[in-house]
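Undergrad: This is run-v9.txt (compact mmCIF, C-alpha atoms).
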# COMPACT_ATOMS: atom_id res chain seq x y z
CA MET A 24 -57.61 -21.19 39.75
CA LEU A 25 -58.91 -17.67 39.20
CA THR A 26 -59.22 -16.29 35.70
CA THR A 27 -60.30 -12.70 35.16
CA VAL A 28 -61.55 -11.04 32.01
CA LYS A 29 -61.55 -7.30 31.34
CA ALA A 30 -63.96 -6.53 28.53
CA ASP A 31 -66.03 -3.83 26.92
CA LEU A 32 -69.51 -5.07 27.79
CA ALA A 33 -71.04 -3.12 24.91
CA VAL A 34 -69.40 -5.51 22.42
CA TRP A 35 -68.59 -8.58 24.54
CA GLU A 36 -69.77 -11.87 23.08
CA TRP A 37 -71.13 -13.80 26.06
CA GLU A 38 -70.15 -17.46 26.06
CA THR A 39 -72.80 -19.91 27.24
CA GLU A 40 -72.35 -21.34 30.76
CA ARG A 41 -68.65 -20.47 30.91
CA TYR A 42 -68.18 -18.78 34.31
CA ASP A 43 -68.81 -19.70 37.94
CA VAL A 44 -69.04 -16.06 39.06
CA VAL A 45 -69.66 -12.70 37.39
CA ILE A 46 -68.81 -9.59 39.39
CA ALA A 47 -70.36 -6.34 38.18
CA ILE A 48 -69.41 -3.27 40.21
CA PHE A 49 -70.69 0.19 39.24
CA ILE A 50 -71.81 -0.81 35.76
CA GLN A 51 -74.71 1.66 35.69
CA PHE A 52 -72.86 3.93 33.29
CA GLY A 53 -74.35 2.02 30.36
CA THR A 54 -77.66 3.00 28.82
CA PRO A 55 -80.78 1.11 29.93
CA MET A 56 -80.60 -0.87 26.64
CA LEU A 57 -76.99 -1.84 27.31
CA ARG A 58 -77.88 -2.70 30.92
CA ASP A 59 -80.57 -5.12 29.69
CA ARG A 60 -78.04 -6.70 27.32
CA MET A 61 -75.52 -7.04 30.15
CA PHE A 62 -78.07 -8.64 32.50
CA GLU A 63 -79.00 -11.15 29.79
CA GLY A 64 -75.30 -11.77 29.16
CA PHE A 65 -74.61 -12.41 32.84
CA TYR A 66 -77.29 -15.10 32.86
CA THR A 67 -76.03 -16.66 29.63
CA ALA A 68 -72.40 -16.67 30.75
CA LEU A 69 -72.94 -18.22 34.17
CA LYS A 70 -72.87 -21.94 34.66
CA LEU A 71 -75.92 -23.47 36.30
CA GLY A 72 -75.62 -22.63 39.99
CA GLY A 73 -73.21 -19.78 39.20
CA SER A 74 -73.38 -16.48 41.07
CA LEU A 75 -73.65 -12.83 40.15
CA ILE A 76 -72.27 -10.26 42.60
CA MET A 77 -73.33 -6.74 41.74
CA GLN A 78 -73.10 -3.33 43.40
CA GLY A 79 -74.19 0.01 42.03
CA TYR A 80 -75.66 3.38 42.81
CA ARG A 81 -79.32 3.82 43.68
CA VAL A 82 -81.45 6.70 42.38
CA GLU A 83 -80.97 8.43 45.75
CA GLN A 84 -77.31 8.89 44.82
CA LEU A 85 -78.26 11.97 42.81
CA ARG A 86 -78.95 13.80 46.09
CA HIS A 87 -75.52 12.94 47.52
CA GLY A 88 -73.51 14.35 44.62
CA THR A 89 -70.62 12.00 45.34
CA GLY A 90 -70.40 10.45 41.88
CA SER A 91 -72.78 8.71 39.49
CA PRO A 92 -74.24 9.06 36.02
CA PRO A 93 -76.19 12.29 35.60
CA GLY A 94 -79.65 10.75 35.23
CA ALA A 95 -81.92 8.44 37.19
CA LYS A 96 -82.53 6.08 34.22
CA GLN A 97 -79.08 4.57 34.68
CA LEU A 98 -79.35 4.13 38.44
CA TYR A 99 -80.94 1.26 40.35
CA THR A 100 -83.96 0.96 42.57
CA SER A 101 -84.91 -1.90 44.84
CA GLU A 102 -87.50 -2.89 42.23
CA LEU A 103 -84.97 -3.26 39.42
CA PRO A 104 -83.07 -6.35 40.50
CA PRO A 105 -86.18 -8.47 41.23
CA SER A 106 -87.80 -7.51 37.91
CA ALA A 107 -84.59 -7.88 35.91
CA PHE A 108 -83.66 -11.08 37.71
CA ALA A 109 -87.06 -12.76 38.09
CA HIS A 110 -85.64 -16.07 36.81
CA TRP A 111 -82.66 -15.94 39.22
CA ASP A 112 -82.50 -17.01 42.85
CA ILE A 113 -81.96 -13.77 44.77
CA CYS A 114 -79.63 -14.64 47.66
CA TYR A 115 -79.00 -11.14 48.97
CA LEU A 116 -80.43 -7.72 48.15
CA LYS A 117 -79.67 -4.70 50.31
CA GLU A 118 -79.97 -0.95 49.92
CA HIS A 119 -77.66 1.12 52.08
CA ASP A 120 -75.89 4.43 52.40
CA SER A 121 -72.18 3.89 52.92
CA PRO A 122 -68.98 5.90 52.61
CA VAL A 123 -67.07 5.56 49.35
CA ASP A 124 -63.59 6.99 48.90
CA GLU A 125 -62.27 6.13 45.47
CA GLU A 126 -61.10 9.34 43.81
CA ALA A 127 -62.00 12.98 43.33
CA GLY A 128 -65.70 13.14 42.56
CA HIS A 129 -66.37 9.70 44.08
CA SER A 130 -65.90 10.32 47.77
CA GLY A 131 -68.44 10.61 50.56
CA THR A 132 -71.74 9.05 51.48
CA SER A 133 -73.12 7.01 48.61
CA ALA A 134 -76.56 5.45 48.05
CA LEU A 135 -75.73 1.85 47.12
CA ILE A 136 -77.50 -1.38 46.34
CA ASP A 137 -75.91 -4.81 46.66
CA LEU A 138 -77.16 -7.91 44.90
CA VAL A 139 -76.05 -11.52 45.03
CA ALA A 140 -78.04 -13.75 42.72
CA ARG A 141 -77.63 -17.36 41.67
CA LYS A 142 -78.51 -18.93 38.32
CA PRO A 143 -80.79 -21.83 39.25
CA VAL A 144 -79.38 -25.31 38.83
CA ALA A 145 -82.64 -26.40 37.19
CA SER A 146 -82.54 -23.69 34.53
CA SER A 147 -85.58 -23.14 32.37
CA GLY A 148 -83.26 -21.86 29.65
CA ARG A 149 -85.14 -18.57 29.78
CA VAL A 150 -83.21 -15.36 29.45
CA ALA A 151 -84.91 -12.15 30.56
Just give me the structure as structure tokens.

TA:
Amino acid sequence: MLTTVKADLAVWEWETERYDVVIAIFIQFGTPMLRDRMFEGFYTALKLGGSLIMQGYRVEQLRHGTGSPPGAKQLYTSELPPSAFAHWDICYLKEHDSPVDEEAGHSGTSALIDLVARKPVASSGRVA
């Protein structure tokens, strides 16, 4: 059975070890402080062995002009996921430039980063 939740992540109360998977696509529109809260929440909400699937714009997206927040602080670099997810098992991490065609202002070559991370089964209980 698949259950989905649409929520405002700025006010969402993360339940402990509730979900098998969290999917976070283009969430870089939050401030760095909100991003840290979301990353902690993802870890809290996932069951042991649960997975996070995340995709967002890299800093290089600013050069493409095909959509993104206006500043680099909200965009990702290849260093961000490993530092933010040091207590996760990183299963897949890839930077790539790929076409995106979603709507006016979000079409064309985009600088993306993909992350698949797993909450370890033997959790230390540590949240970043």

Undergrad: Taking into account only C-alpha atoms, which residue in the set A:Ser91, A:Ser130, A:Thr100, A:Gln78 is nearest to A:Ile48?

TA: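 Result for the nearest residue to A:Ile48: A:Gln78.
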
Undergrad: I'd like the contact shell of A:Gly88 - 9 Å cut-off, only C-alpha atoms, skipping same-chain residues fewer than 4 positions apart - returned as a list in words.

TA: Gln84, Gly128, His129, Gly131, Thr132 and Ser133 of chain A

Undergrad: Kindly give the distance, in Å, that separates atom CA of A:His110 and atom CA of A:Met24, rounded to a single decimal.

TA: 28.6 Å

Undergrad: Taking all atoms listed in the file into account, which of A:Thr89, A:Thr39, A:Ser74, A:Gln97 comes nearest A:Arg58?

TA: A:Gln97

Undergrad: Go ahead and find all residues with at least one atom no further than 9 Å from (-81.5, 5.5, 37.3) in the file's coordinates, using all atoms listed in the file; report them as a VMD selection string.

TA: chain A and resid 51 55 80 to 83 92 to 100

Undergrad: So which residues touch A:Ala33 within 12 Å, counting all atoms listed in the file, skipping near sequence neighbours fewer than 2 positions away, as a list in words?

TA: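 So, after excluding close chain neighbours, the residues are Ala30, Asp31, Trp35, Glu36, Trp37, Ile50, Phe52, Gly53, Thr54, Pro55, Met56, Leu57, Arg58, Asp59, Arg60, Met61, Phe62 and Gly64 of chain A.
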
Undergrad: Enter the distance from atom CA of A:Leu135 to atom CA of A:Ser121, in Å, rounded to one decimal.

TA: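 These two atoms are separated by 7.1 Å.
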
Undergrad: One number please: atom CA of A:Ile136 to atom CA of A:Tyr42, in Å, one decimal.

TA: 23.1 Å

Undergrad: I'd like to know which of A:Asp112, A:Glu63, A:Glu126, A:Glu40 is closest to A:Leu138, using only C-alpha atoms.

TA: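 Ranking A:Asp112, A:Glu63, A:Glu126, A:Glu40 by distance to A:Leu138, first place goes to A:Asp112.
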
Undergrad: Check the smallest atom-to-atom distance from each of A:Leu25, A:Val123, A:Val139, A:Leu85 to A:Trp111 using all atoms listed in the file, then report the winner.

TA: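 Once distances to A:Trp111 are computed over all atoms listed in the file, the minimum belongs to A:Val139.
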
Undergrad: Of the candidates A:Thr26, A:Glu125, A:Ser106, A:Asp43, which one gets nearest to A:Phe65 if we count all atoms listed in the file?

TA: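 The answer is A:Asp43, which sits nearest to A:Phe65.
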
Undergrad: So which one's closest to A:Ile76, A:Leu32, A:Val45, A:Cys114, A:Pro122? Using only C-alpha atoms, please.

TA: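 Residue with the minimum atom-to-atom distance to A:Ile76: A:Val45.
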